[in-house]
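Notes for the one structure printed next.
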Amino acid sequence: MMASEPVARAVAEEVGRWGSMKQTGVSLRYMMEFGSVPTDRNLLLSAQFLHKELPIRIARRALDLESLPFGLSAKPAILKMIKMIKVRHNNVVPTMALGVQQLKNEQFSSRKLPPGFDEIHEFLDRFYMSRIGIRMLIGQHVALHDPEPEPGVIGLINTKLSPIQVAQIASEDARSICMREYGSAPDINIYGDRNFTFPYVASHLHLMLFELVKNSLRAVQERYMDSDKDVPPVRIIVADGTEDVTIKVSDEGGGIRRSGLPRIFTYLYSTAKNLPDIEGPSEGVTMAGYGFGLPVSRLYAQYFGGDLQIISMEGYGTDAYLHLSRLGDSEEPLP
């Protein structure tokens with residue numbers, strides 16, 4: 001044990017050294033231009049960049065994890081995540097969500113946001129934005145080595161991505177979850193130019209649209225499940241603007257109370273009655289969970305200069321506006 005103390009101290013010092021360095025932002029446009037010519041030299045430069053950049057980003061997150069507010073670092077789910085983070089990363093989002101819910105159940109029984117919660121919210125924003133960036137950089141580098149990429153695809157970026165097509169796939173996926181949970185699902189109508197394409201990461205867009213459509217389906221389904229009235233469809237509208245591609249997901253699911261709107265992008269807010277248990281056997285995606293869907297979706301939108309806005313009319317329904325920057329040169333936010 002004594003011999004390991006100098007090693008542990010040296011590792012902590014190394015993490016502190018890397019964590020004090022500044023991250024380097026990377027824009028969508030730069031990744032497209034750089035990856036469009038995947039020469040051996042460019043692939044080597046990409047590897048060298050990752051070799052320097054990843055330790056900085058991971059070290060900064062390690063330092064954050066050790067000093068979470070409200071004793072969040074000591075919650076069982078967070079301790080488990082820290083132990084397993086080197087082995088498997090896929091469950092990071094639900095595991096962190098479970099830790100936050102454990103904190104909420106123990107300390108914050110009130111429906112109002114607790115004093116000082118901004119510190120947790122800011123940490124989680126930094127944590128998840130960094131995770132998005134790390135996975136994007138690694139995924140882009142690995143995908144550039146594909147000897148037979150699909151036409152128009154540069155790494156993870158589809159230069160001719162059809163938002164209508166992604167919306168259709170995300171809608172089908174969300175409806176299947178709704179059907180599984182309720183036995184039926186509202187229809188979804190999609191409007192827009194089916195020939196329109198723009199450069200974006202398909203997996204990011206699918207994740208955001210899936211979450212928004214899932215929320216709308218759940219709201220409509222629960223409002224009309226015991227009603228004799230015709231169930232109104234969820235509507236998705238795609239608009240091609242000069243600055244943004246905007247996608248509106250609109251429903252008539254009853255809307256959100258005005259008092260609840262300030263909390264919809266916080267990490268302690270969830271309308272789910274029974275939270276899923278990530279410790280037990282997984283049954284796949286559920287219609288409602290820990291309340292991380294909207295804030296994480298907004299981070300994905302903001303990663304390349306976009307945003308997510310929610311406008312609700314209590315007693316009628318909710319409109320979600322997903323803004324995706326067309327400029328392509330907005331750098332990812334660097335926490």
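Identifiers in the structure tokens: chain A, B, ... in order shown; residue index from 1 per chain; ligand index from 1 in order shown.
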
Report as a list in words all protein, DNA and RNA residues lying within 12 Å of Pro151 of chain A, evaluated on only C-alpha atoms, omitting residues in the same chain fewer than 6 positions from it.
Ser36, Ile157, Asn158, Thr159, Lys160 and Leu161 of chain A

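Within 12 Å of Ile169 of chain A, once only C-alpha atoms are used and residues closer than 5 positions along the same chain are dropped, the contacting residues are A:Ser162, A:Pro163, A:Ile164, A:Ala174, A:Arg175, A:Ser176, A:Ile188, A:Ile190, A:Ala202, A:Ser203, A:Leu205, A:His206, A:Leu207, A:Leu209, A:Phe210, A:Val213.
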
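In this model, the gap between atom CA of Phe265 of chain A and atom CA of Pro295 of chain A comes to 4.7 Å.
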
One decimal, in Å: what's the spacing between atom CA of Ser250 of chain A and atom CA of Arg235 of chain A?
5.1 Å

Using the chain letters and numbers from this document, which residues of segment 13-71 of chain A does DSSP assign to alpha helix (DSSP H), as a PyMOL selection string?
chain A and resi 13-19+28-35+40-66

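One distance worth recording is that between atom CA of Ser325 of chain A and atom CA of Gly305 of chain A, which is 5.6 Å.
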
Skip Arg57 of chain A itself and residues of its chain fewer than 6 positions away, then list as a PyMOL selection string all residues within 8 Å of it, counting only C-alpha atoms.
chain A and resi 19+23+130+134

Got time to write the residues from that selection, C-alpha atoms, as a short mmCIF file (atom, residue, chain, number, x, y, z; two decimals), in the first residue's frame?
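Resulting contents of again_34.cif:
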data_model
loop_
_atom_site.label_atom_id
_atom_site.label_comp_id
_atom_site.auth_asym_id
_atom_site.auth_seq_id
_atom_site.Cartn_x
_atom_site.Cartn_y
_atom_site.Cartn_z
CA GLY A 19 -6.75 19.33 -16.67
CA GLN A 23 -9.28 22.61 -24.85
CA SER A 130 -17.47 17.35 -23.05
CA ILE A 134 -14.98 13.44 -27.00
#

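For the choices A:Tyr303, A:Gly133, A:Ser20, A:Glu122, the atom-to-atom distance to Leu54 of chain A is smallest for A:Gly133 when using only C-alpha atoms.
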
Which of these, A:Val142, A:Met129, A:Met31, A:Leu124, has the shortest distance to Ala47 of chain A once you count only C-alpha atoms?
A:Val142

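Of the residues listed (A:Phe123, A:Ser171, A:Gln309, A:Arg60), A:Ser171 shows the shortest atom-to-atom separation from Leu217 of chain A; distances use only C-alpha atoms.
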
Quick one: DSSP strand (DSSP E) residues in segment 187-321 of chain A, as a PyMOL selection string?
chain A and resi 188-191+198-201+234-240+244-251+307-313+317-321

Determine, counting only C-alpha atoms, which protein, DNA and RNA residues have an atom within 12 Å of an atom of Lys52 of chain A; residues of the same chain fewer than 6 positions away are not included. Present the result as a PyMOL selection string.
chain A and resi 18-19+21-24+45-46+58-59

Given the selection you just returned, output its residues as a file containing N, CA, C and O atoms, formatted as a short mmCIF file (atom, residue, chain, number, x, y, z; two decimals), in the first residue's frame.
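Output file part_38.cif follows:
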data_model
loop_
_atom_site.label_atom_id
_atom_site.label_comp_id
_atom_site.auth_asym_id
_atom_site.auth_seq_id
_atom_site.Cartn_x
_atom_site.Cartn_y
_atom_site.Cartn_z
N TRP A 18 -2.78 18.01 -16.93
CA TRP A 18 -3.53 17.97 -18.18
C TRP A 18 -4.84 18.75 -18.05
O TRP A 18 -5.28 19.43 -18.97
N GLY A 19 -5.47 18.65 -16.87
CA GLY A 19 -6.75 19.33 -16.67
C GLY A 19 -6.65 20.84 -16.66
O GLY A 19 -7.65 21.53 -16.85
N MET A 21 -4.88 22.50 -18.80
CA MET A 21 -4.65 22.96 -20.17
C MET A 21 -5.96 23.34 -20.84
O MET A 21 -7.03 22.87 -20.47
N LYS A 22 -5.88 24.17 -21.85
CA LYS A 22 -7.05 24.66 -22.56
C LYS A 22 -7.46 23.70 -23.66
O LYS A 22 -6.62 23.20 -24.41
N GLN A 23 -8.76 23.45 -23.77
CA GLN A 23 -9.28 22.61 -24.85
C GLN A 23 -9.24 23.37 -26.18
O GLN A 23 -9.21 24.59 -26.21
N THR A 24 -9.28 22.62 -27.25
CA THR A 24 -9.29 23.19 -28.60
C THR A 24 -10.63 22.91 -29.26
O THR A 24 -11.02 21.75 -29.41
N LEU A 45 -2.24 13.52 -38.80
CA LEU A 45 -2.48 14.77 -38.07
C LEU A 45 -3.69 14.65 -37.15
O LEU A 45 -3.68 15.16 -36.03
N SER A 46 -4.72 13.93 -37.62
CA SER A 46 -5.90 13.71 -36.79
C SER A 46 -5.55 12.90 -35.56
O SER A 46 -5.99 13.21 -34.44
N ILE A 58 -10.47 14.56 -20.95
CA ILE A 58 -10.77 13.53 -19.96
C ILE A 58 -10.29 13.96 -18.57
O ILE A 58 -10.98 13.74 -17.57
N ALA A 59 -9.12 14.59 -18.50
CA ALA A 59 -8.61 15.06 -17.21
C ALA A 59 -9.53 16.11 -16.61
O ALA A 59 -9.77 16.12 -15.39
#

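Proximity to Tyr200 of chain A was assessed for A:Pro55, A:Arg263, A:Gly152, A:Tyr316 counting only C-alpha atoms; the smallest distance is recorded for A:Gly152.
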
With only C-alpha atoms as the counted atoms, please give the residues lying no more than 10 Å from Gly192 of chain A, apart from itself and same-chain residues fewer than 3 positions off, as a list of chain:residue names.
A:Pro163, A:Ile164, A:Asn195, A:Phe196, A:Ile236, A:Ile237, A:Val238, A:Ala239, A:Asp240, A:Ile247

For a quick check of understanding, using only C-alpha atoms, which of A:Gln165, A:Gln221, A:Asn215, A:Asn42 has the smallest distance to Gly183 of chain A?
A:Gln221
